[in-house]
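Notes to accompany the following structure.
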Amino acid sequence: MCLWNLIEQPAAEIEFFTEYGEGSRYRIEEVVGKGSYGIVCSAYDTQTSEKVAIKRINDIFEHVSDATRILREIKLLRLLSHPDIVEIKHILLPPSRREFKDIYVVFELMESDLHQVIKANDDLTPEHYQFFLYQLLRGLKYIHTANVFHRDLKPKNILANSDCKLKICDFGLARVAFDDTPTAIFWTDYVATRWYRAPELCGSFSSKYTPAIDIWSIGCIFAELLTGKPLFPGKNVVHQLDLITDLLGTPSADAIARVRNEKARRYLSSMRKKKPIPLSQKFPNADPLALHLLERMLAFEPKDRPSAEEALAHPYFRGLAKVEREPSAQPVTKMEFEFERRRITQEEIRELIYREILEYHPKMLKEFLKGTESTGFMYPSAVDQFKKQFSCLEENYKNGTTVARPERQHASSLPRPCVVADPDNRTQVAAEISEDLSKCGIKETEKPQAYKNGAIPSTKTTQVYQNSHGIAARPGKVVGSVIQHNNAQAVALTDAGEVDDTRKNVKNTAGQLYYARSGYSYPRRNSSCKSERGNEGLEGPSIVHPKHYIARKVATAAAEGSVG
Ligand SMILES: Nc1ncnc2c1ncn2[C@@H]1O[C@H](COP(=O)(O)OP(=O)(O)OP(=O)(O)O)[C@@H](O)[C@H]1O
């Protein structure tokens with residue numbers, strides 16, 4: 001069928017064909033991340049008016065092992081549907097079933113990841129810690145009940161939003177455990193990040209995977225949240241074991257005897273005897289209940305670690321939500337992952353990936369299953385045009401030009417980082433801010449406590465950077481200062497004249513000066529809150545996004561004619 005004839009086709013057929021032209025459905029905006037498998041761009045879905053993240057994975061068939069990893073990931077993400085796991089919304093249909101090389105996967109857009117959040121925020125509260133850990137364990141309970149082990153949990157693989165929502169991503173190293181076959185550990189394929197690797201994975205202690213490897217990683221991530229630093233940043237596996245035993249002490253003789261690998265057993269037996277360091281000493285400010293749970297998650301022996309479900313029932317989470325109601329999954333079926341259990345050719349994996357993509361193209365899938373689709377046909381899929389846009393953004397990203405900015409919203413909306421204060425300058429900055437607030441028409445009573453009646457803030461000064469989203473705490477152009485007080489609020493002042501295009505509106509409507517107040521209020525507990533997927537859930541710490549605040553304030557100021 002020729003495309004030009006579409007106009008004369010009945011509605012159903014037109015709809016069918018528009019599926020192929022879906023590349024134009026998305027307006028690509030900027031690069032938001034880069035992984036070893038390709039780049040991720042934010043985009044606007046003109047059909048749903050939603051922001052999405054599109055990951056382009058290049059040359060997927062160059063190595064069958066990479067293609068297998070990709071197939072595993074897209075399959076698992078389709079099968080694992082849970083609010084704490086990132087969702088694939090769509091996968092673009094490749095133009096040719098036999099020849100495609102790249103795929104474009106459309107995800108829900110998240111603002112950041114936990115690695116960035118930890119880096120950018122040194123004033124997370126106990127409520128943040130608790131809410132983060134709760135979500136991670138809730139997601140993990142679901143994953144484990146599906147018979148899946150993630151195997152590569154680390155802060156970079158946990159996406160985060162400014163409302164403190166977390167979502168687990170990157171299932172490329174995940175494994176499905178089947179009852180009939182041992183989930184053998186193949187050391188050669190074990191490439192998960194060392195710092196979050198359980199001790200049994202640091203040297204063939206055992207021959208089977210257990211879900212406890214993920215619990216260990218969650219323990220390490222939780223400890224990193226508490227201190228802002230990785231707990232066990234080992235330089236190699238031996239150093240990794242050294243660091244682990246420095247904190248936990250040398251394992252008992254019984255535990256060492258259970259280590260299967262002789263070399264590892266010998267190494268542990270010959271190690272000088274170390275006493276465990278009490279976690280209360282390592283994390284002096286942490287909630288004792290949090291530390292009790294952490295200690296269990298970091299048990300040297302996998303059998304001593306709690307399951308995700310048991311961890312959720314720990315008193316640390318008392319009152320947070322109905323722990324027992326957190327959803328479990330149906331175990332994933334063997335048939336879906338049959339490709340993992342045999343040698344597979346490039347052509348076979350191509351066919352399987354294509355088949356998986358069709359899950360997002362129901363009409364095409366029907367044709368495919370009936371065996372009536374034409375395999376040699378090149379679909380006018382708009383992927384080519386897409387490809388060009390991605391390449392251009394990638395080029396700009398590499399060159400560091402402003403067209404494709406890598407900066408993201410995360411840091412601006414979560415509690416800000418505290419760039420080392422300049423104490424001498426604090427009084428002056430505070431006075432300037434107070435004065436500028438007055439100029440902006442802010443009454444004394446409306447000023448944050450720290451600036452009322454010329455008061456001098458007793459807290460730290462932070463530099464304010466600007467990124468494409470406005471005021472941000474990530475490195476960029478310095479445009480002002482923030483004074484934080486009570487860890488709860490901040491005021492940023494800047495000169496609209498210096499702000500780039502994205503803030504033109506501000507300049508036009510508000511004149512020279514505008515100010516942004518960013519801050520977050522303390523978390524609320526709300527066990528009756530429902531997630532978008534109907535999952536009984538929690539409402540996390542709420543954080544005011546500066547962008548929203550600016551917009552609101554500027555609109556008010558313009559309406560009242562109080563600025564400029
Ligand atoms: N849905 C999303 N929304 C926003 N950003 C995302 C999303 N998915 C991924 N990213 C960002 O893009 C980056 C790369 O993504 P991802 O980790 O999925 O790629 P990868 O090639 O699998 O990476 P890796 O090298 O870790 O295997 C991540 O660091 C993450 O911050």
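Note on naming: chains are A, B, ... as they come in the structure tokens, residues start from 1 per chain, ligands start from 1 in the order shown.
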
Problem - Spatial neighbours of segment 256-272 of chain A, max dist 12 Å, only C-alpha atoms, sep filter under 3 positions, as a list of chain:residue names - result: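 What passes the distance filter is A:Pro199, A:Glu200, A:Leu201, A:Cys202, A:Gly203, A:Ser204, A:Phe205, A:Ser206, A:Ser207, A:Lys208, A:Val237, A:Val238, A:His239, A:Leu241, A:Asp242, A:Ile244, A:Thr245, A:Asp246, A:Gly249, A:Thr250, A:Pro251, A:Ser252, A:Ala253, A:Lys275, A:Phe300, A:Glu301, A:Pro302, A:Lys303.
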
Problem - Contacts to ligand 1 at 8 Å cut-off (only C-alpha atoms and all ligand atoms) as number ranges by chain - result: A: 32-42, 52-55, 57, 86-87, 106-113, 156-157, 159, 169-170, 172

Selection from above, N, CA and C atoms, as a compact mmCIF listing (two decimals), in the first residue's frame, can you write it?
# COMPACT_ATOMS: atom_id res chain seq x y z
N VAL A 32 19.35 14.08 28.65
CA VAL A 32 19.27 14.05 30.11
C VAL A 32 20.19 13.00 30.73
N GLY A 33 20.80 12.20 29.90
CA GLY A 33 21.69 11.20 30.48
C GLY A 33 22.37 10.39 29.41
N LYS A 34 23.43 9.74 29.83
CA LYS A 34 24.15 8.89 28.88
C LYS A 34 24.60 7.65 29.63
N GLY A 35 24.35 6.52 29.05
CA GLY A 35 24.81 5.29 29.68
C GLY A 35 25.70 4.57 28.69
N SER A 36 26.12 3.36 29.05
CA SER A 36 27.02 2.67 28.13
C SER A 36 26.28 2.18 26.89
N TYR A 37 24.93 2.18 26.95
CA TYR A 37 24.18 1.67 25.80
C TYR A 37 23.56 2.74 24.92
N GLY A 38 23.74 3.97 25.27
CA GLY A 38 23.20 5.02 24.41
C GLY A 38 22.80 6.24 25.20
N ILE A 39 22.18 7.18 24.48
CA ILE A 39 21.85 8.41 25.19
C ILE A 39 20.35 8.46 25.50
N VAL A 40 20.04 9.27 26.51
CA VAL A 40 18.65 9.43 26.91
C VAL A 40 18.29 10.91 26.74
N CYS A 41 17.21 11.18 26.02
CA CYS A 41 16.76 12.56 25.82
C CYS A 41 15.38 12.75 26.43
N SER A 42 15.13 13.94 26.90
CA SER A 42 13.75 14.23 27.31
C SER A 42 12.99 14.62 26.06
N VAL A 52 8.41 12.78 28.37
CA VAL A 52 8.92 11.41 28.44
C VAL A 52 10.44 11.42 28.32
N ALA A 53 11.04 10.28 28.58
CA ALA A 53 12.49 10.13 28.36
C ALA A 53 12.62 9.09 27.25
N ILE A 54 13.41 9.41 26.23
CA ILE A 54 13.60 8.42 25.16
C ILE A 54 15.06 7.99 25.14
N LYS A 55 15.23 6.68 25.24
CA LYS A 55 16.60 6.15 25.25
C LYS A 55 16.87 5.55 23.88
N ILE A 57 19.19 3.19 21.83
CA ILE A 57 20.22 2.17 22.01
C ILE A 57 20.74 1.85 20.61
N VAL A 86 10.65 1.83 37.06
CA VAL A 86 10.44 2.73 35.92
C VAL A 86 9.61 2.02 34.84
N GLU A 87 8.78 2.78 34.19
CA GLU A 87 7.84 2.18 33.23
C GLU A 87 8.25 2.48 31.78
N VAL A 106 10.74 4.49 24.95
CA VAL A 106 10.14 5.67 25.59
C VAL A 106 9.78 5.31 27.04
N PHE A 107 10.38 6.04 27.97
CA PHE A 107 10.12 5.81 29.40
C PHE A 107 9.34 6.99 29.97
N GLU A 108 8.79 6.77 31.13
CA GLU A 108 8.29 7.94 31.86
C GLU A 108 9.53 8.77 32.22
N LEU A 109 9.38 10.08 32.20
CA LEU A 109 10.54 10.94 32.47
C LEU A 109 10.71 11.15 33.96
N MET A 110 11.92 10.93 34.42
CA MET A 110 12.22 11.21 35.83
C MET A 110 13.21 12.38 35.84
N GLU A 111 13.27 13.09 36.96
CA GLU A 111 14.09 14.29 36.97
C GLU A 111 15.57 14.03 37.25
N SER A 112 15.86 12.95 37.91
CA SER A 112 17.25 12.75 38.33
C SER A 112 17.46 11.31 38.76
N ASP A 113 18.62 11.05 39.35
CA ASP A 113 18.81 9.73 39.96
C ASP A 113 19.39 9.90 41.36
N LYS A 156 22.93 5.14 41.01
CA LYS A 156 22.72 5.58 39.63
C LYS A 156 21.56 4.83 38.96
N ASN A 157 21.24 3.67 39.48
CA ASN A 157 20.14 2.90 38.89
C ASN A 157 18.82 3.11 39.60
N LEU A 159 16.13 6.05 39.82
CA LEU A 159 15.73 7.36 39.32
C LEU A 159 14.93 8.08 40.41
N CYS A 169 15.58 1.31 38.09
CA CYS A 169 15.71 1.11 36.64
C CYS A 169 16.91 0.21 36.35
N ASP A 170 17.25 0.08 35.08
CA ASP A 170 18.40 -0.68 34.60
C ASP A 170 18.38 -2.15 35.04
N GLY A 172 19.34 -4.55 33.15
CA GLY A 172 20.17 -5.24 32.18
C GLY A 172 20.94 -6.42 32.75

Fill in the blank from the handout: Shortest contact to Phe132 of chain A, candidates A:Ile218, A:Leu173, A:Thr193, A:Ser65, atoms counted only C-alpha atoms, goes to A:Ile218

Exercise for the section: Enumerate as a PyMOL selection string all residues of segment 54-273 of chain A assigned to strand (DSSP E or B) by DSSP on the backbone, naming them with the chain letters and numbers the document uses. Expected result: chain A and resi 54-57+85+88-91+103-108+112-113+148-149+158-160+166-168+175-176+184+208

Practice task
Rank nothing, just name the residue among A:Arg194, A:Arg175, A:Lys141, A:His63 nearest to Glu340 of chain A, using only C-alpha atoms.
Solution key: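 Among the listed residues, A:Arg175 lies closest to Glu340 of chain A.
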
Fill in the blank from the handout: From the list A:Tyr196, A:Phe339, A:Phe368, A:Tyr354, the nearest residue to Ile215 of chain A using only C-alpha atoms is A:Tyr196

Fill in the blank from the handout: Of A:Leu225, A:Leu79, A:Met297, A:Leu137, the one sitting nearest Gln116 of chain A when using only C-alpha atoms is A:Leu225

Exercise for the section: Please provide as a PyMOL selection string all residues within 12 Å of Glu309 of chain A, with the sequence filter that same-chain residues fewer than 2 positions apart are discarded (counting only C-alpha atoms). Expected result: chain A and resi 134-145+211-212+215+305-307+311-314+317+322-328

Problem - DSSP-assigned alpha helix (DSSP H) among segment 224-344 of chain A, expressed as an MDAnalysis selection string - result: chainID A and resid 224:227 237:248 253:257 262:270 279:282 288:297 308:312

Could you dump the residues just selected with N, CA and C atoms as a compact mmCIF listing (two decimals), in the first residue's frame?
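The resulting file, again-v7.txt, is shown below:
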# COMPACT_ATOMS: atom_id res chain seq x y z
N GLU A 224 24.76 5.12 52.37
CA GLU A 224 25.28 6.25 51.58
C GLU A 224 24.36 7.47 51.70
N LEU A 225 23.07 7.19 51.79
CA LEU A 225 22.12 8.29 51.99
C LEU A 225 22.40 8.98 53.33
N LEU A 226 22.68 8.16 54.35
CA LEU A 226 22.87 8.72 55.69
C LEU A 226 24.11 9.62 55.78
N THR A 227 25.15 9.24 55.05
CA THR A 227 26.41 10.00 55.21
C THR A 227 26.77 10.82 53.98
N VAL A 237 38.32 -6.34 44.44
CA VAL A 237 37.50 -7.21 45.30
C VAL A 237 38.13 -7.47 46.67
N VAL A 238 39.45 -7.58 46.69
CA VAL A 238 40.10 -7.86 47.97
C VAL A 238 39.93 -6.65 48.90
N HIS A 239 40.17 -5.46 48.34
CA HIS A 239 39.99 -4.24 49.12
C HIS A 239 38.52 -4.12 49.57
N GLN A 240 37.62 -4.55 48.69
CA GLN A 240 36.20 -4.52 49.01
C GLN A 240 35.93 -5.35 50.28
N LEU A 241 36.49 -6.56 50.29
CA LEU A 241 36.31 -7.43 51.46
C LEU A 241 36.98 -6.83 52.70
N ASP A 242 38.11 -6.16 52.48
CA ASP A 242 38.79 -5.52 53.61
C ASP A 242 37.89 -4.44 54.23
N LEU A 243 37.31 -3.62 53.35
CA LEU A 243 36.46 -2.54 53.86
C LEU A 243 35.23 -3.09 54.58
N ILE A 244 34.66 -4.14 53.98
CA ILE A 244 33.46 -4.73 54.60
C ILE A 244 33.80 -5.27 55.99
N THR A 245 34.91 -5.98 56.08
CA THR A 245 35.26 -6.58 57.38
C THR A 245 35.76 -5.52 58.38
N ASP A 246 36.29 -4.40 57.86
CA ASP A 246 36.67 -3.30 58.77
C ASP A 246 35.46 -2.84 59.57
N LEU A 247 34.30 -2.79 58.91
CA LEU A 247 33.09 -2.33 59.60
C LEU A 247 32.38 -3.47 60.33
N LEU A 248 32.21 -4.58 59.64
CA LEU A 248 31.41 -5.66 60.23
C LEU A 248 32.22 -6.61 61.10
N ALA A 253 34.00 -18.22 62.46
CA ALA A 253 34.66 -19.40 61.88
C ALA A 253 33.65 -20.23 61.08
N ASP A 254 32.41 -20.30 61.61
CA ASP A 254 31.35 -21.06 60.90
C ASP A 254 31.07 -20.44 59.55
N ALA A 255 30.96 -19.12 59.54
CA ALA A 255 30.65 -18.43 58.28
C ALA A 255 31.77 -18.66 57.28
N ILE A 256 33.00 -18.59 57.76
CA ILE A 256 34.14 -18.80 56.85
C ILE A 256 34.13 -20.23 56.32
N ALA A 257 33.78 -21.17 57.20
CA ALA A 257 33.76 -22.58 56.78
C ALA A 257 32.73 -22.81 55.67
N GLU A 262 37.97 -21.96 47.86
CA GLU A 262 39.06 -22.22 48.80
C GLU A 262 39.94 -20.99 49.02
N LYS A 263 40.21 -20.30 47.92
CA LYS A 263 41.09 -19.12 48.01
C LYS A 263 40.46 -18.06 48.91
N ALA A 264 39.16 -17.84 48.69
CA ALA A 264 38.44 -16.84 49.47
C ALA A 264 38.42 -17.25 50.94
N ARG A 265 38.22 -18.56 51.17
CA ARG A 265 38.19 -19.07 52.54
C ARG A 265 39.53 -18.84 53.23
N ARG A 266 40.59 -19.12 52.47
CA ARG A 266 41.93 -18.95 53.05
C ARG A 266 42.20 -17.47 53.36
N TYR A 267 41.78 -16.61 52.44
CA TYR A 267 42.01 -15.18 52.63
C TYR A 267 41.31 -14.70 53.90
N LEU A 268 40.05 -15.13 54.04
CA LEU A 268 39.28 -14.68 55.22
C LEU A 268 39.86 -15.24 56.51
N SER A 269 40.33 -16.51 56.48
CA SER A 269 40.89 -17.11 57.70
C SER A 269 42.20 -16.45 58.09
N SER A 270 42.96 -16.01 57.08
CA SER A 270 44.27 -15.44 57.41
C SER A 270 44.18 -13.95 57.76
N LEU A 279 27.32 0.36 64.58
CA LEU A 279 26.83 1.30 63.57
C LEU A 279 26.49 2.66 64.18
N SER A 280 26.15 2.65 65.47
CA SER A 280 25.83 3.94 66.11
C SER A 280 27.07 4.84 66.16
N GLN A 281 28.24 4.21 66.10
CA GLN A 281 29.49 4.99 66.09
C GLN A 281 29.74 5.52 64.67
N LYS A 282 29.46 4.70 63.70
CA LYS A 282 29.69 5.08 62.31
C LYS A 282 28.64 6.12 61.84
N PRO A 288 18.10 5.04 65.76
CA PRO A 288 18.55 3.70 66.17
C PRO A 288 17.78 2.58 65.47
N LEU A 289 16.49 2.83 65.18
CA LEU A 289 15.72 1.78 64.49
C LEU A 289 16.24 1.59 63.07
N ALA A 290 16.61 2.71 62.44
CA ALA A 290 17.16 2.63 61.09
C ALA A 290 18.45 1.81 61.12
N LEU A 291 19.25 2.04 62.15
CA LEU A 291 20.52 1.32 62.24
C LEU A 291 20.33 -0.16 62.55
N HIS A 292 19.30 -0.44 63.30
CA HIS A 292 19.01 -1.85 63.60
C HIS A 292 18.68 -2.59 62.30
N LEU A 293 17.85 -1.95 61.48
CA LEU A 293 17.49 -2.57 60.20
C LEU A 293 18.71 -2.64 59.28
N LEU A 294 19.49 -1.56 59.28
CA LEU A 294 20.68 -1.53 58.41
C LEU A 294 21.64 -2.67 58.77
N GLU A 295 21.82 -2.86 60.06
CA GLU A 295 22.73 -3.92 60.51
C GLU A 295 22.27 -5.28 59.99
N ARG A 296 20.96 -5.48 59.98
CA ARG A 296 20.44 -6.77 59.47
C ARG A 296 20.64 -6.89 57.96
N MET A 297 20.44 -5.80 57.27
CA MET A 297 20.59 -5.86 55.80
C MET A 297 22.05 -6.07 55.42
N ALA A 308 12.96 -8.64 51.58
CA ALA A 308 12.41 -7.28 51.44
C ALA A 308 11.13 -7.17 52.25
N GLU A 309 10.33 -8.23 52.21
CA GLU A 309 9.06 -8.20 52.94
C GLU A 309 9.30 -8.11 54.45
N GLU A 310 10.27 -8.89 54.93
CA GLU A 310 10.57 -8.83 56.36
C GLU A 310 11.10 -7.44 56.73
N ALA A 311 11.92 -6.89 55.87
CA ALA A 311 12.49 -5.57 56.16
C ALA A 311 11.37 -4.52 56.25
N LEU A 312 10.37 -4.66 55.38
CA LEU A 312 9.26 -3.69 55.39
C LEU A 312 8.47 -3.78 56.70
